[in-house]
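Enquirer: query_18.cif (mmCIF, C-alpha atoms) pasted underneath:
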```
data_structure
#
loop_
_atom_site.label_atom_id
_atom_site.label_comp_id
_atom_site.auth_asym_id
_atom_site.auth_seq_id
_atom_site.Cartn_x
_atom_site.Cartn_y
_atom_site.Cartn_z
CA MET A 16 -90.15 140.80 -177.50
CA LEU A 17 -87.59 140.73 -180.32
CA LYS A 18 -85.11 139.05 -177.99
CA LYS A 19 -87.64 136.26 -177.25
CA ILE A 20 -88.28 135.72 -180.96
CA LEU A 21 -84.55 135.54 -181.66
CA ALA A 22 -84.14 133.16 -178.71
CA VAL A 23 -86.78 130.82 -180.13
CA VAL A 24 -85.32 130.99 -183.65
CA ALA A 25 -81.82 130.28 -182.32
CA GLY A 26 -83.12 127.43 -180.17
CA ILE A 27 -84.89 125.88 -183.16
CA ILE A 28 -81.82 126.23 -185.39
CA VAL A 29 -79.36 124.79 -182.86
CA GLY A 30 -81.79 122.05 -181.80
CA SER A 31 -82.34 121.11 -185.45
CA ILE A 32 -78.60 120.90 -186.02
CA CYS A 33 -78.32 118.51 -183.05
CA VAL A 34 -81.12 116.28 -184.38
CA TRP A 35 -79.65 116.36 -187.88
CA THR A 36 -76.17 115.45 -186.62
CA VAL A 37 -77.38 112.41 -184.66
CA GLU A 38 -79.57 111.29 -187.57
CA THR A 39 -76.62 111.67 -189.98
CA VAL A 40 -74.51 109.41 -187.76
CA ASN A 41 -77.44 107.01 -187.60
CA HIS A 42 -77.59 106.86 -191.41
CA LEU A 43 -73.87 106.08 -191.50
CA ILE A 44 -74.48 103.14 -189.16
CA TYR A 45 -77.71 102.09 -190.90
CA PRO A 46 -77.35 103.32 -194.50
CA TYR A 47 -80.26 103.77 -196.87
CA PRO A 48 -80.92 100.83 -199.18
CA GLU A 49 -78.85 100.84 -202.34
CA GLY A 50 -80.65 102.53 -205.19
CA MET A 51 -83.07 104.47 -202.99
CA LYS A 52 -83.64 107.85 -204.59
CA PRO A 53 -84.08 111.13 -202.68
CA GLY A 54 -87.75 111.94 -202.27
CA ASP A 55 -88.81 108.28 -202.58
CA MET A 56 -91.35 108.30 -199.75
CA GLU A 57 -92.34 104.64 -200.17
CA GLY A 58 -88.69 103.62 -200.11
CA PHE A 59 -88.12 105.74 -197.01
CA LYS A 60 -91.16 104.21 -195.27
CA ASN A 61 -89.79 100.75 -196.06
CA TYR A 62 -86.40 101.81 -194.70
CA ILE A 63 -88.04 102.96 -191.44
CA GLU A 64 -90.04 99.73 -191.13
CA THR A 65 -86.92 97.60 -191.49
CA LEU A 66 -84.70 99.80 -189.33
CA PRO A 67 -83.62 97.90 -186.21
CA PHE A 68 -84.51 99.08 -182.71
CA LEU A 69 -81.20 100.89 -182.18
CA GLY A 70 -81.64 102.78 -185.46
CA LYS A 71 -85.03 104.05 -184.33
CA PHE A 72 -83.80 104.72 -180.79
CA MET A 73 -80.96 106.86 -182.16
CA VAL A 74 -83.63 109.19 -183.56
CA ILE A 75 -85.03 109.56 -180.03
CA ILE A 76 -81.48 110.29 -178.79
CA GLY A 77 -81.25 113.03 -181.43
CA TYR A 78 -84.57 114.45 -180.29
CA ALA A 79 -83.38 114.38 -176.66
CA LEU A 80 -80.15 116.20 -177.50
CA GLY A 81 -82.05 118.69 -179.65
CA ALA A 82 -84.55 119.36 -176.87
CA LEU A 83 -81.88 119.86 -174.21
CA VAL A 84 -79.74 122.18 -176.34
CA SER A 85 -82.75 124.04 -177.75
CA GLY A 86 -84.09 124.80 -174.26
CA PHE A 87 -80.63 125.84 -173.07
CA ILE A 88 -79.90 128.19 -175.98
CA ALA A 89 -83.38 129.74 -176.02
CA THR A 90 -83.15 130.46 -172.28
CA LYS A 91 -79.62 131.89 -172.46
CA ILE A 92 -80.55 134.24 -175.29
CA SER A 93 -83.90 135.37 -173.85
CA LYS A 94 -82.20 136.22 -170.50
CA ASP A 95 -85.50 136.71 -168.69
CA GLY A 96 -85.40 133.69 -166.37
CA LYS A 97 -88.71 132.41 -167.69
CA PRO A 98 -89.20 129.10 -169.54
CA THR A 99 -91.33 130.69 -172.27
CA ALA A 100 -88.77 130.58 -175.11
CA ALA A 101 -87.71 127.03 -174.24
CA LEU A 102 -91.32 125.85 -174.10
CA ILE A 103 -92.13 127.43 -177.46
CA CYS A 104 -89.16 125.58 -178.97
CA GLY A 105 -90.41 122.34 -177.43
CA VAL A 106 -93.94 122.82 -178.78
CA ILE A 107 -92.67 123.61 -182.29
CA PHE A 108 -90.45 120.52 -182.30
CA LEU A 109 -93.29 118.43 -180.86
CA VAL A 110 -95.62 119.45 -183.70
CA PHE A 111 -93.03 118.43 -186.31
CA THR A 112 -92.35 115.18 -184.47
CA ILE A 113 -96.03 114.25 -184.36
CA TYR A 114 -96.36 115.04 -188.04
CA ASN A 115 -93.37 112.79 -188.85
CA MET A 116 -94.79 109.99 -186.74
CA THR A 117 -98.14 110.19 -188.53
CA VAL A 118 -96.61 109.90 -192.01
CA LEU A 119 -93.97 107.29 -191.15
CA PRO A 120 -94.46 103.78 -189.77
CA THR A 121 -93.31 104.17 -186.17
CA PRO A 122 -94.02 101.78 -183.28
CA ILE A 123 -95.98 102.79 -180.18
CA TRP A 124 -92.86 103.04 -177.99
CA PHE A 125 -91.47 105.57 -180.48
CA TRP A 126 -94.68 107.62 -180.17
CA VAL A 127 -94.45 107.63 -176.38
CA LEU A 128 -90.76 108.57 -176.24
CA GLY A 129 -91.05 110.90 -179.24
CA ILE A 130 -93.64 112.96 -177.39
CA LEU A 131 -92.12 112.82 -173.90
CA VAL A 132 -88.57 113.61 -174.96
CA TRP A 133 -89.43 117.19 -175.92
CA SER A 134 -90.09 117.97 -172.26
CA LEU A 135 -86.30 117.98 -171.96
CA VAL A 136 -86.41 121.60 -173.11
CA LEU A 137 -87.19 122.27 -169.45
CA ALA A 138 -83.99 120.50 -168.40
CA GLY A 139 -82.11 122.76 -170.85
CA TYR A 140 -83.94 125.73 -169.34
CA ARG A 141 -82.86 124.73 -165.82
CA LEU A 142 -79.25 124.15 -166.93
CA ALA A 143 -79.20 127.62 -168.48
CA LEU A 144 -80.30 129.16 -165.18
CA ASN A 145 -77.66 127.30 -163.18
CA LYS A 146 -74.96 129.78 -162.15
CA LYS A 147 -72.46 127.16 -160.99
#
```
Can you dump the structure from the file as structure tokens?
Expert:
Amino acid sequence: MLKKILAVVAGIIVGSICVWTVETVNHLIYPYPEGMKPGDMEGFKNYIETLPFLGKFMVIIGYALGALVSGFIATKISKDGKPTAALICGVIFLVFTIYNMTVLPTPIWFWVLGILVWSLVLAGYRLALNKK
């Protein structure tokens, strides 16, 4: 049981690092408006609204990478051959993603991809089982 908990925690940490890395690159390409202060939620909402398609799509790419790596790491650490740890990681990330989408102005295509992309934890799970 402890191994499964550690697998989920590790999957969440590594998956979060992947999402953060892609989003950091995204903010280098599409920087915040000048003068925007940390914690300025209205400013951040405006930034999201004016972000071009590629800027929003890069967030989905980050989610996809996070899902894949999270599922892979959780499965490798749990070492039980079951998708349980990977699926728990996916559900946790999905809850946070839905929360973010409810508080930020995101288009419908972002909702669809933002929800579907977390199923990639199962691809990470399958990659972790691959012995080749």
Enquirer: Would you mind listing what lies within 8 Å of Trp133 (chain A) as a PyMOL selection string, with all atoms listed in the file counted and same-chain residues fewer than 5 positions away left out?
Expert: chain A and resi 78-79+82+105-106+108-109
Enquirer: Put those residues in a file: C-alpha atoms, as a compact mmCIF listing (two decimals), keeping the file's coordinate frame.
Expert:
```txt
# COMPACT_ATOMS: atom_id res chain seq x y z
CA TYR A 78 -84.57 114.45 -180.29
CA ALA A 79 -83.38 114.38 -176.66
CA ALA A 82 -84.55 119.36 -176.87
CA GLY A 105 -90.41 122.34 -177.43
CA VAL A 106 -93.94 122.82 -178.78
CA PHE A 108 -90.45 120.52 -182.30
CA LEU A 109 -93.29 118.43 -180.86
```
Enquirer: When you count only C-alpha atoms, which of these residues is closest to Thr112 (chain A): A:Lys94, A:Trp124, A:Leu69, A:Val132?
Expert: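 Of the candidates, the smallest distance to Thr112 (chain A) is held by A:Val132.
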Enquirer: What is the distance, in Å and to one decimal place, between CA of Gly139 (chain A) and CA of Ala89 (chain A)?
Expert: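 A separation of 8.8 Å between them.
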Enquirer: Which residues are near Tyr62 (chain A)? Cut-off 9 Å, only C-alpha atoms, ignore same chain within fewer than 5 positions. Put them as a ChimeraX atom specification.
Expert: /A:47-48,57
Enquirer: Around region 90-107 of chain A, with edges along x, y and z and 8 Å added on all six sides, what centre and edge lengths do you get, in Å to one decimal, as AutoDock Vina command-line options?
Expert:
```
--center_x -86.8 --center_y 129.5 --center_z -174.3 --size_x 30.3 --size_y 30.4 --size_z 31.9
```
Enquirer: Taking only C-alpha atoms into account, name the residue in A:Ser31, A:Gly96, A:Val23, A:Val84 that is nearest to Phe111 (chain A).
Expert: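 Checking each candidate against Phe111 (chain A), we get A:Ser31 as the closest.
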Enquirer: Need to verify the contact set: Thr90 (chain A), 7 Å, only C-alpha atoms, exclusion of same-chain residues closer than 2 positions in sequence. Can you return it as a list in words?
Expert: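 Counting only C-alpha atoms, the residues come to Gly86, Phe87, Ile88, Ile92, Ser93, Lys94, Pro98, Ala100, Ala101, Tyr140 and Ala143 of chain A.
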Enquirer: May I have the residues within 8 Å of Ile113 (chain A) as a ChimeraX atom specification, using all atoms listed in the file and disregarding those fewer than 4 positions away in the same chain?
Expert: /A:109,117,126,129-130
Enquirer: What separation in Å, quoted to one decimal, exists between CA of Ile27 (chain A) and CA of Lys146 (chain A)?
Expert: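 Those two atoms sit 23.6 Å apart.
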